[in-house]
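Structure file structure.cif (mmCIF, C-alpha atoms) follows.
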data_structure
loop_
_atom_site.group_PDB
_atom_site.id
_atom_site.type_symbol
_atom_site.label_atom_id
_atom_site.label_comp_id
_atom_site.auth_asym_id
_atom_site.auth_seq_id
_atom_site.Cartn_x
_atom_site.Cartn_y
_atom_site.Cartn_z
ATOM 1 C CA MET A 189 0.000 0.000 0.000
ATOM 2 C CA LEU A 190 1.614 3.189 -1.153
ATOM 3 C CA LEU A 191 -0.643 5.721 0.525
ATOM 4 C CA SER A 192 -2.232 5.682 3.969
ATOM 5 C CA SER A 193 -6.020 5.514 4.294
ATOM 6 C CA SER A 194 -6.152 9.172 5.327
ATOM 7 C CA CYS A 195 -4.243 10.129 2.221
ATOM 8 C CA ARG A 196 -6.523 8.122 -0.044
ATOM 9 C CA TYR A 197 -9.540 9.813 1.473
ATOM 10 C CA ALA A 198 -7.871 13.203 1.150
ATOM 11 C CA LEU A 199 -7.395 12.528 -2.570
ATOM 12 C CA ARG A 200 -10.941 11.283 -3.000
ATOM 13 C CA ALA A 201 -12.317 14.297 -1.128
ATOM 14 C CA SER A 202 -10.211 16.666 -3.260
ATOM 15 C CA ILE A 203 -11.394 14.983 -6.465
ATOM 16 C CA TYR A 204 -14.935 15.355 -5.204
ATOM 17 C CA LEU A 205 -14.400 19.074 -4.593
ATOM 18 C CA ALA A 206 -12.812 19.504 -8.013
ATOM 19 C CA GLN A 207 -15.980 18.042 -9.539
ATOM 20 C CA GLN A 208 -18.148 20.774 -8.010
ATOM 21 C CA PRO A 209 -18.943 24.081 -9.716
ATOM 22 C CA GLU A 210 -16.012 26.448 -9.111
ATOM 23 C CA GLY A 211 -16.283 28.453 -5.924
ATOM 24 C CA LYS A 212 -19.244 26.536 -4.528
ATOM 25 C CA PHE A 213 -19.080 25.540 -0.869
ATOM 26 C CA VAL A 214 -20.170 21.949 -0.319
ATOM 27 C CA ALA A 215 -21.856 21.056 2.956
ATOM 28 C CA THR A 216 -19.624 18.834 5.086
ATOM 29 C CA LYS A 217 -22.495 16.409 5.712
ATOM 30 C CA GLU A 218 -23.034 16.012 1.990
ATOM 31 C CA MET A 219 -19.336 15.264 1.520
ATOM 32 C CA CYS A 220 -19.356 12.648 4.283
ATOM 33 C CA ALA A 221 -22.301 10.886 2.709
ATOM 34 C CA SER A 222 -20.805 10.986 -0.777
ATOM 35 C CA LEU A 223 -17.397 9.750 0.295
ATOM 36 C CA GLY A 224 -18.719 7.264 2.820
ATOM 37 C CA ILE A 225 -16.585 8.502 5.728
ATOM 38 C CA SER A 226 -17.425 9.761 9.185
ATOM 39 C CA PHE A 227 -17.790 13.462 9.945
ATOM 40 C CA HIS A 228 -14.958 13.306 12.475
ATOM 41 C CA TYR A 229 -12.549 11.632 10.038
ATOM 42 C CA LEU A 230 -13.375 14.026 7.202
ATOM 43 C CA ILE A 231 -12.875 17.051 9.442
ATOM 44 C CA LYS A 232 -9.479 15.803 10.596
ATOM 45 C CA ILE A 233 -8.337 15.414 6.997
ATOM 46 C CA MET A 234 -9.846 18.743 5.915
ATOM 47 C CA GLN A 235 -8.092 20.564 8.761
ATOM 48 C CA LYS A 236 -4.744 19.378 7.428
ATOM 49 C CA LEU A 237 -5.594 20.435 3.882
ATOM 50 C CA ASN A 238 -6.838 23.773 5.201
ATOM 51 C CA LYS A 239 -3.624 24.392 7.109
ATOM 52 C CA HIS A 240 -1.700 24.004 3.850
ATOM 53 C CA ASN A 241 -4.082 26.294 1.984
ATOM 54 C CA LEU A 242 -5.459 23.620 -0.295
ATOM 55 C CA ILE A 243 -9.077 23.972 0.795
ATOM 56 C CA GLN A 244 -11.187 26.682 2.426
ATOM 57 C CA SER A 245 -14.011 26.278 4.871
ATOM 58 C CA GLU A 246 -16.820 28.572 5.866
ATOM 59 C CA ARG A 247 -19.230 28.306 8.751
ATOM 60 C CA GLY A 248 -22.946 28.876 8.624
ATOM 61 C CA THR A 249 -25.905 27.609 6.706
ATOM 62 C CA LYS A 250 -24.383 28.431 3.322
ATOM 63 C CA GLY A 251 -20.970 27.299 4.496
ATOM 64 C CA GLY A 252 -18.990 24.174 3.820
ATOM 65 C CA ILE A 253 -15.779 23.319 2.041
ATOM 66 C CA ARG A 254 -14.306 24.237 -1.330
ATOM 67 C CA LEU A 255 -10.905 24.166 -3.009
ATOM 68 C CA ALA A 256 -8.781 27.135 -1.992
ATOM 69 C CA ARG A 257 -7.761 27.850 -5.575
ATOM 70 C CA ALA A 258 -8.315 26.700 -9.136
ATOM 71 C CA ALA A 259 -8.208 22.937 -9.572
ATOM 72 C CA ASN A 260 -5.431 23.253 -12.155
ATOM 73 C CA SER A 261 -3.091 24.734 -9.555
ATOM 74 C CA ILE A 262 -3.501 21.974 -6.964
ATOM 75 C CA PHE A 263 -1.544 18.819 -7.670
ATOM 76 C CA ILE A 264 -1.812 15.301 -6.277
ATOM 77 C CA LYS A 265 1.701 15.784 -4.927
ATOM 78 C CA ASP A 266 0.532 18.734 -2.781
ATOM 79 C CA ILE A 267 -2.130 16.587 -1.185
ATOM 80 C CA ILE A 268 0.149 13.595 -0.608
ATOM 81 C CA GLU A 269 2.851 15.784 0.965
ATOM 82 C CA THR A 270 0.322 17.488 3.215
ATOM 83 C CA ILE A 271 -1.064 14.234 4.574
ATOM 84 C CA GLU A 272 1.976 11.936 4.517
ATOM 85 C CA GLY A 273 4.541 14.576 5.428
ATOM 86 C CA GLU A 274 7.239 16.243 3.393
ATOM 87 C CA SER A 275 9.681 13.392 3.895
ATOM 88 C CA PHE A 276 7.382 11.109 1.904
ATOM 89 C CA PHE A 277 9.221 11.796 -1.332
ATOM 90 C CA THR A 278 12.716 11.902 0.103
ATOM 91 C CA LYS A 279 12.775 8.765 2.255
ATOM 92 C CA CYS A 280 15.084 5.869 1.462
ATOM 93 C CA VAL A 281 13.250 2.779 0.182
ATOM 94 C CA LEU A 282 15.029 0.637 2.786
ATOM 95 C CA GLY A 283 14.457 3.189 5.537
ATOM 96 C CA PHE A 284 18.052 4.347 6.066
ATOM 97 C CA PRO A 285 18.492 7.904 7.285
ATOM 98 C CA ASN A 286 20.456 10.148 4.887
ATOM 99 C CA CYS A 287 20.758 7.509 2.200
ATOM 100 C CA GLY A 288 22.794 8.651 -0.795
ATOM 101 C CA ALA A 289 26.288 8.577 -2.263
ATOM 102 C CA PRO A 290 28.768 7.683 -0.909
ATOM 103 C CA ASP A 291 26.809 5.912 1.825
ATOM 104 C CA GLU A 292 23.871 4.423 -0.020
ATOM 105 C CA CYS A 293 21.628 1.399 0.341
ATOM 106 C CA ALA A 294 21.387 -1.598 -1.955
ATOM 107 C CA LEU A 295 18.393 -0.278 -3.889
ATOM 108 C CA HIS A 296 19.327 3.406 -3.976
ATOM 109 C CA LYS A 297 20.073 3.779 -7.702
ATOM 110 C CA GLU A 298 17.009 1.870 -8.876
ATOM 111 C CA TRP A 299 14.793 3.612 -6.341
ATOM 112 C CA VAL A 300 15.898 7.096 -7.363
ATOM 113 C CA ALA A 301 14.859 6.345 -10.949
ATOM 114 C CA VAL A 302 11.489 4.814 -10.072
ATOM 115 C CA LYS A 303 10.746 7.473 -7.472
ATOM 116 C CA GLY A 304 11.555 10.172 -10.031
ATOM 117 C CA ASN A 305 8.828 8.811 -12.327
ATOM 118 C CA LEU A 306 6.374 8.655 -9.447
ATOM 119 C CA ILE A 307 7.104 12.255 -8.511
ATOM 120 C CA VAL A 308 6.586 13.354 -12.119
ATOM 121 C CA PHE A 309 3.220 11.586 -12.194
ATOM 122 C CA PHE A 310 2.119 13.109 -8.894
ATOM 123 C CA SER A 311 3.358 16.595 -9.650
ATOM 124 C CA GLU A 312 1.939 16.708 -13.178
ATOM 125 C CA THR A 313 -1.534 15.513 -12.258
ATOM 126 C CA SER A 314 -3.636 18.402 -11.028
ATOM 127 C CA LEU A 315 -7.171 18.209 -9.702
ATOM 128 C CA ALA A 316 -8.321 19.721 -13.004
ATOM 129 C CA TYR A 317 -7.626 16.293 -14.476
ATOM 130 C CA PHE A 318 -10.659 15.129 -12.488
ATOM 131 C CA SER A 319 -12.875 18.104 -13.155
ATOM 132 C CA ASP A 320 -12.732 17.350 -16.865
ATOM 133 C CA ASN A 321 -16.193 15.948 -17.477
ATOM 134 C CA ASP A 322 -15.233 14.274 -20.743
ATOM 135 C CA ARG A 323 -12.581 12.322 -18.943
ATOM 136 C CA MET A 324 -14.936 11.379 -16.147
ATOM 137 C CA ASN A 325 -17.540 10.336 -18.696
ATOM 138 C CA ASP A 326 -15.018 8.039 -20.369
ATOM 139 C CA MET A 327 -14.498 6.269 -17.078
ATOM 140 C CA ASN A 328 -16.672 3.427 -16.054
ATOM 141 C CA GLN A 329 -19.862 5.048 -14.868
ATOM 142 C CA GLU A 330 -20.479 2.564 -12.112
ATOM 143 C CA PHE A 331 -17.095 3.516 -10.800
ATOM 144 C CA VAL A 332 -17.622 7.260 -11.053
ATOM 145 C CA SER A 333 -20.845 6.801 -9.122
ATOM 146 C CA ALA A 334 -18.961 4.901 -6.445
ATOM 147 C CA LEU A 335 -16.393 7.669 -6.227
ATOM 148 C CA LEU A 336 -18.704 10.635 -6.346
ATOM 149 C CA ASN A 337 -22.037 9.133 -5.358
ATOM 150 C CA LYS A 338 -23.777 10.751 -8.283
ATOM 151 C CA MET B 30 7.204 5.142 1.892
ATOM 152 C CA VAL B 31 6.397 2.045 -0.100
ATOM 153 C CA LEU B 32 7.489 -0.830 2.128
ATOM 154 C CA SER B 33 6.675 -1.632 5.739
ATOM 155 C CA LYS B 34 9.493 -1.580 8.273
ATOM 156 C CA ALA B 35 9.177 -5.360 8.594
ATOM 157 C CA CYS B 36 9.673 -5.654 4.847
ATOM 158 C CA THR B 37 12.790 -3.477 4.704
ATOM 159 C CA TYR B 38 14.238 -5.439 7.623
ATOM 160 C CA GLY B 39 13.376 -8.653 5.796
ATOM 161 C CA MET B 40 15.409 -7.454 2.815
ATOM 162 C CA LEU B 41 18.376 -6.554 4.990
ATOM 163 C CA ALA B 42 18.165 -9.892 6.793
ATOM 164 C CA SER B 43 18.007 -11.819 3.507
ATOM 165 C CA LEU B 44 21.008 -9.892 2.176
ATOM 166 C CA TYR B 45 22.856 -10.640 5.384
ATOM 167 C CA VAL B 46 22.090 -14.368 5.082
ATOM 168 C CA ALA B 47 23.194 -14.315 1.424
ATOM 169 C CA LYS B 48 26.453 -12.620 2.383
ATOM 170 C CA GLU B 49 27.232 -14.946 5.284
ATOM 171 C CA THR B 50 26.400 -18.179 3.494
ATOM 172 C CA THR B 51 28.751 -17.489 0.605
ATOM 173 C CA ARG B 52 31.607 -17.834 3.056
ATOM 174 C CA GLU B 53 30.549 -21.011 4.788
ATOM 175 C CA ASN B 54 27.572 -23.040 3.868
ATOM 176 C CA GLU B 55 26.003 -23.147 7.300
ATOM 177 C CA TYR B 56 23.077 -21.730 9.140
ATOM 178 C CA VAL B 57 23.389 -18.099 10.157
ATOM 179 C CA SER B 58 22.870 -17.337 13.833
ATOM 180 C CA ILE B 59 19.838 -15.120 14.397
ATOM 181 C CA ARG B 60 21.387 -13.624 17.522
ATOM 182 C CA LEU B 61 24.482 -12.579 15.570
ATOM 183 C CA MET B 62 22.369 -11.212 12.744
ATOM 184 C CA SER B 63 20.330 -9.192 15.213
ATOM 185 C CA ASP B 64 23.526 -7.705 16.695
ATOM 186 C CA GLU B 65 25.134 -6.930 13.354
ATOM 187 C CA LEU B 66 22.082 -5.400 11.692
ATOM 188 C CA ASN B 67 20.865 -3.633 14.846
ATOM 189 C CA ILE B 68 17.393 -5.106 14.546
ATOM 190 C CA SER B 69 15.748 -6.263 17.782
ATOM 191 C CA PHE B 70 15.931 -10.049 18.197
ATOM 192 C CA HIS B 71 12.217 -10.370 18.819
ATOM 193 C CA PHE B 72 11.191 -8.392 15.730
ATOM 194 C CA LEU B 73 13.795 -10.144 13.604
ATOM 195 C CA THR B 74 12.560 -13.631 14.506
ATOM 196 C CA LYS B 75 9.018 -12.636 13.554
ATOM 197 C CA ILE B 76 10.206 -11.432 10.149
ATOM 198 C CA LEU B 77 12.346 -14.530 9.600
ATOM 199 C CA GLN B 78 9.323 -16.705 10.365
ATOM 200 C CA LYS B 79 7.438 -15.036 7.521
ATOM 201 C CA LEU B 80 10.346 -15.578 5.143
ATOM 202 C CA THR B 81 10.554 -19.220 6.227
ATOM 203 C CA LYS B 82 6.843 -19.707 5.752
ATOM 204 C CA ALA B 83 7.113 -18.225 2.252
ATOM 205 C CA GLY B 84 9.831 -20.762 1.418
ATOM 206 C CA ILE B 85 12.621 -18.215 1.035
ATOM 207 C CA LEU B 86 14.541 -19.296 4.127
ATOM 208 C CA ILE B 87 14.896 -22.577 5.961
ATOM 209 C CA SER B 88 15.512 -22.701 9.671
ATOM 210 C CA LEU B 89 17.272 -25.147 11.967
ATOM 211 C CA LYS B 90 16.738 -25.293 15.693
ATOM 212 C CA GLY B 91 19.455 -26.056 18.203
ATOM 213 C CA PRO B 92 22.771 -24.618 19.323
ATOM 214 C CA ASN B 93 24.252 -24.556 15.792
ATOM 215 C CA GLY B 94 20.940 -23.571 14.283
ATOM 216 C CA GLY B 95 19.727 -20.439 12.572
ATOM 217 C CA VAL B 96 18.513 -19.658 9.101
ATOM 218 C CA ALA B 97 19.778 -20.292 5.571
ATOM 219 C CA LEU B 98 18.508 -19.514 2.090
ATOM 220 C CA SER B 99 16.229 -22.243 0.761
ATOM 221 C CA ARG B 100 17.664 -21.928 -2.748
ATOM 222 C CA ALA B 101 20.482 -20.234 -4.644
ATOM 223 C CA PRO B 102 20.382 -16.446 -4.157
ATOM 224 C CA LYS B 103 20.125 -15.922 -7.911
ATOM 225 C CA LEU B 104 16.748 -17.655 -7.715
ATOM 226 C CA ILE B 105 15.373 -15.259 -5.097
ATOM 227 C CA THR B 106 14.291 -11.753 -6.117
ATOM 228 C CA MET B 107 13.602 -8.734 -3.945
ATOM 229 C CA LEU B 108 10.025 -9.019 -5.199
ATOM 230 C CA ASP B 109 9.747 -12.462 -3.549
ATOM 231 C CA ILE B 110 10.708 -10.840 -0.247
ATOM 232 C CA VAL B 111 8.271 -7.927 -0.629
ATOM 233 C CA ILE B 112 5.406 -10.315 -1.372
ATOM 234 C CA ALA B 113 6.382 -12.671 1.463
ATOM 235 C CA ILE B 114 6.174 -9.858 4.013
ATOM 236 C CA ASP B 115 3.880 -7.117 2.697
ATOM 237 C CA GLY B 116 1.821 -9.245 0.347
ATOM 238 C CA PRO B 117 1.045 -8.316 -3.270
ATOM 239 C CA ASN B 118 -1.218 -5.344 -2.483
ATOM 240 C CA LEU B 119 1.297 -2.669 -3.466
ATOM 241 C CA PHE B 120 1.321 -4.064 -7.014
ATOM 242 C CA THR B 121 -2.392 -4.693 -7.326
ATOM 243 C CA GLU B 122 -4.225 -2.015 -5.359
ATOM 244 C CA CYS B 123 -5.866 1.119 -6.687
ATOM 245 C CA LEU B 124 -4.017 4.342 -5.753
ATOM 246 C CA LEU B 125 -7.236 5.746 -4.309
ATOM 247 C CA GLY B 126 -8.105 2.485 -2.548
ATOM 248 C CA LEU B 127 -11.285 1.950 -4.524
ATOM 249 C CA PRO B 128 -12.404 -1.668 -4.563
ATOM 250 C CA GLY B 129 -12.966 -3.203 -7.968
ATOM 251 C CA CYS B 130 -10.713 -0.734 -9.799
ATOM 252 C CA GLY B 131 -8.927 -2.374 -12.727
ATOM 253 C CA SER B 132 -8.500 -2.214 -16.477
ATOM 254 C CA GLN B 133 -12.120 -3.309 -16.946
ATOM 255 C CA LYS B 134 -13.367 -0.667 -14.508
ATOM 256 C CA PRO B 135 -10.679 2.005 -14.303
ATOM 257 C CA CYS B 136 -10.678 4.827 -11.779
ATOM 258 C CA PRO B 137 -9.586 8.233 -13.145
ATOM 259 C CA VAL B 138 -5.909 7.637 -12.312
ATOM 260 C CA HIS B 139 -5.853 3.935 -13.090
ATOM 261 C CA GLU B 140 -3.779 4.052 -16.288
ATOM 262 C CA LYS B 141 -1.110 6.329 -14.871
ATOM 263 C CA TRP B 142 -0.889 4.505 -11.569
ATOM 264 C CA ALA B 143 -0.889 1.063 -13.191
ATOM 265 C CA SER B 144 2.191 2.041 -15.156
ATOM 266 C CA ALA B 145 3.924 3.543 -12.094
ATOM 267 C CA ARG B 146 3.269 0.514 -9.910
ATOM 268 C CA GLU B 147 4.479 -1.739 -12.719
ATOM 269 C CA ASP B 148 7.800 0.175 -12.660
ATOM 270 C CA LEU B 149 7.984 -0.545 -8.954
ATOM 271 C CA ARG B 150 7.290 -4.237 -9.472
ATOM 272 C CA ILE B 151 9.907 -4.465 -12.210
ATOM 273 C CA MET B 152 12.447 -2.748 -9.961
ATOM 274 C CA PHE B 153 12.025 -5.360 -7.228
ATOM 275 C CA GLN B 154 11.744 -8.253 -9.655
ATOM 276 C CA GLY B 155 14.870 -7.177 -11.513
ATOM 277 C CA LYS B 156 17.076 -7.416 -8.426
ATOM 278 C CA THR B 157 17.998 -10.916 -7.351
ATOM 279 C CA LEU B 158 19.444 -11.538 -3.933
ATOM 280 C CA ALA B 159 22.663 -12.645 -5.680
ATOM 281 C CA ASP B 160 23.115 -9.374 -7.671
ATOM 282 C CA THR B 161 22.112 -7.216 -4.760
ATOM 283 C CA SER B 162 24.325 -9.033 -2.306
ATOM 284 C CA HIS B 163 27.217 -8.776 -4.762
ATOM 285 C CA ASP B 164 26.654 -5.001 -5.030
ATOM 286 C CA VAL B 165 26.556 -4.665 -1.260
ATOM 287 C CA GLU B 166 29.969 -6.356 -0.991
ATOM 288 C CA ALA B 167 31.607 -4.752 -4.021
ATOM 289 C CA LEU B 168 30.394 -1.221 -3.398
ATOM 290 C CA ASN B 169 30.368 -1.462 0.393
ATOM 291 C CA LEU B 170 26.692 -0.490 0.543
ATOM 292 C CA ARG B 171 24.747 -0.020 3.760
ATOM 293 C CA LEU B 172 23.302 -3.073 5.418
ATOM 294 C CA SER B 173 23.251 -2.329 9.147
ATOM 295 C CA LEU B 174 20.835 0.085 10.696
ATOM 296 C CA PRO B 175 22.159 2.873 12.891
ATOM 297 C CA LYS B 176 22.414 1.754 16.537
ATOM 298 C CA ALA B 177 19.856 4.234 17.829
ATOM 299 C CA ASP B 178 17.215 2.675 15.602
ATOM 300 C CA SER B 179 17.556 -0.810 17.090
#
Show me the file's structure as structure tokens.
Amino acid sequence: MLLSSSCRYALRASIYLAQQPEGKFVATKEMCASLGISFHYLIKIMQKLNKHNLIQSERGTKGGIRLARAANSIFIKDIIETIEGESFFTKCVLGFPNCGAPDECALHKEWVAVKGNLIVFFSETSLAYFSDNDRMNDMNQEFVSALLNK
Amino acid sequence: MVLSKACTYGMLASLYVAKETTRENEYVSIRLMSDELNISFHFLTKILQKLTKAGILISLKGPNGGVALSRAPKLITMLDIVIAIDGPNLFTECLLGLPGCGSQKPCPVHEKWASAREDLRIMFQGKTLADTSHDVEALNLRLSLPKADS
């Protein structure tokens, strides 16, 4: 498992927000129901995203949660780093502290190459990728319903 | 990031066994391995049990006992060790943790993630214990954990 459960839910919640009309606040209760997670769990995740200026929240009857900026300027990598910590993309695959030449681990060279590709994927994929309705329509509809509870 | 602590320790332990058994074809003492790698004895035995159960190691009880590789190190890949300890989930699961995601029913990031996780699988599959152990010796790569971590 590459990502923790919290991180997976953070991504799913962010994709959900990217699917909404721009600027619209979504009620927290509605989000919980759509994503199938508890209020408490969602709030914990949203607080972290809020702290890193990825989402905004507003109290009151018309309040809720929305992306803090345009979906094309928030990348999967931002969300992963926020939830998993900044060291997520710098850690050694075998867990050694300060792994690197001249004191490197047995998988260092291979890992650097594979990790580089992963980082490119995560830093090139913005939330706008998921707000593209054509793309979402190409996906299996049963699946999109499961993800977004449409 | 990608592997559990138990899994990284399992790799180090397997490399240690590979290194020690090239010198003398005997069982490697678990106590000695624990001291040299700075992995707690209790945790190490648990990991070695998994590797034994998966058929990667064989164990012998008694005063001259310990563990040995079950087959030639060129016939054991790092992928075998990952699967023995962490299971195959890393190479099969959806990035977003959505059940039922696959090429028939792709989630929005399925294609990209499937290719990234395949790179990961190939990286581990491409390294046999023999090659890796040879590199560790020839290039004097890290094998022991820092003492504070034990």
- Evaluate the PyMOL selection byres ((chain A and resi 266-278) around 7) on the structure here and hand back the selected residues as a list in words.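 Applied to this file, the PyMOL selection byres ((chain A and resi 266-278) around 7) selects Cys195, Leu199, Lys236, Leu237, His240, Ile262, Phe263, Ile264, Lys265, Lys279 and Cys280 of chain A; Met30 of chain B.
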- Query: Using only C-alpha atoms, which residues sit within 10 Å of segment 217-234 of chain A once same-chain residues fewer than 2 positions away are excluded, as a PyMOL selection string?
  - Reply: chain A and resi 194-195+197-198+200-202+204-205+214-215+236-240+242-245+252-253+270-271+333-338
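The nearest approach to chain B among the residues A:Leu306, A:Ala256, A:Ala206, A:Val300, with all atoms listed in the file taken into account, belongs to A:Leu306.
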- Message: Taking all atoms listed in the file into account, name the residue in B:Thr106, B:Ser99, B:Thr37, B:Ser58 that is nearest to chain A.
- Response: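 Answer, going by the shortest atom-to-atom distance: B:Thr37.
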- Query: Within 8 Å of Cys36 of chain B, counting all atoms listed in the file, which residues qualify if same-chain residues fewer than 6 places away don't, as a ChimeraX atom specification?
  - Reply: /B:76,110-111,114-115
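The space between atom CA of Pro290 of chain A and atom CA of Tyr45 of chain B spans 20.3 Å.
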- Evaluate the PyMOL selection byres ((chain B and resi 160-170) around 6) here and jot the selected residues down as a list in words. Glu292, Cys293 and Ala294 of chain A; Leu44, Thr157, Leu158, Ala159 and Arg171 of chain B
- Query: When you draw a straight line from atom CA of Phe213 of chain A to atom CA of Gly251 of chain A, how long is it in Å?
  - Reply: 6.0 Å
- Task: Choose the residue, out of A:Asn305, A:Ser319, A:Asn260, A:Ser311, that has the smallest atom-to-atom separation from chain B; count only C-alpha atoms.
- Result: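 Checking each candidate against chain B, we get A:Asn305 as the closest.
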- Name the residues, using the chain letters and numbers of the file, that sit within 9 Å of (17.2, -22.0, 3.3) when counting only C-alpha atoms, and give them as a PyMOL selection string. chain B and resi 56+81+84-88+96-101
- Item | Picked residues, the PyMOL selection byres ((chain B and resi 122) around 10), expected as a PyMOL selection string | (chain A and resi 189-190) or (chain B and resi 117-121+123-131+139+142-143+146)
Mind writing the picked residues with C-alpha atoms as a compact mmCIF listing (two decimals), keeping the file's coordinate frame?
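Written file, again_6.txt:
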# COMPACT_ATOMS: atom_id res chain seq x y z
CA MET A 189 0.00 0.00 0.00
CA LEU A 190 1.61 3.19 -1.15
CA PRO B 117 1.04 -8.32 -3.27
CA ASN B 118 -1.22 -5.34 -2.48
CA LEU B 119 1.30 -2.67 -3.47
CA PHE B 120 1.32 -4.06 -7.01
CA THR B 121 -2.39 -4.69 -7.33
CA CYS B 123 -5.87 1.12 -6.69
CA LEU B 124 -4.02 4.34 -5.75
CA LEU B 125 -7.24 5.75 -4.31
CA GLY B 126 -8.10 2.48 -2.55
CA LEU B 127 -11.28 1.95 -4.52
CA PRO B 128 -12.40 -1.67 -4.56
CA GLY B 129 -12.97 -3.20 -7.97
CA CYS B 130 -10.71 -0.73 -9.80
CA GLY B 131 -8.93 -2.37 -12.73
CA HIS B 139 -5.85 3.94 -13.09
CA TRP B 142 -0.89 4.50 -11.57
CA ALA B 143 -0.89 1.06 -13.19
CA ARG B 146 3.27 0.51 -9.91
- Query: Could you work out how far atom CA of Lys212 of chain A lies from atom CA of Ser261 of chain A, giving the answer in Å with one decimal?
  - Reply: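 The value is 17.0 Å.
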- Nearest-residue call for chain B, choices A:Ala289, A:Ala316, A:Ala301, A:Leu282, using only C-alpha atoms: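 Selected residue with least distance to chain B: A:Leu282.
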- Write out as an NGL selection string the residues lying within 10 Å of Ser173 of chain B, counting all atoms listed in the file and excluding same-chain residues fewer than 6 positions away. (:A and (284 or 293)) or (:B and (38 or 41-42 or 45 or 62-68 or 179))
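Restricting the calculation to all atoms listed in the file, the smallest distance between chain B and any of A:Arg196, A:Lys303, A:Lys297, A:Arg247 is found for A:Arg196.
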- Taking all atoms listed in the file into account, which of A:Gly283, A:Gly304, A:Gly248, A:Gly211 comes nearest chain B? A:Gly283
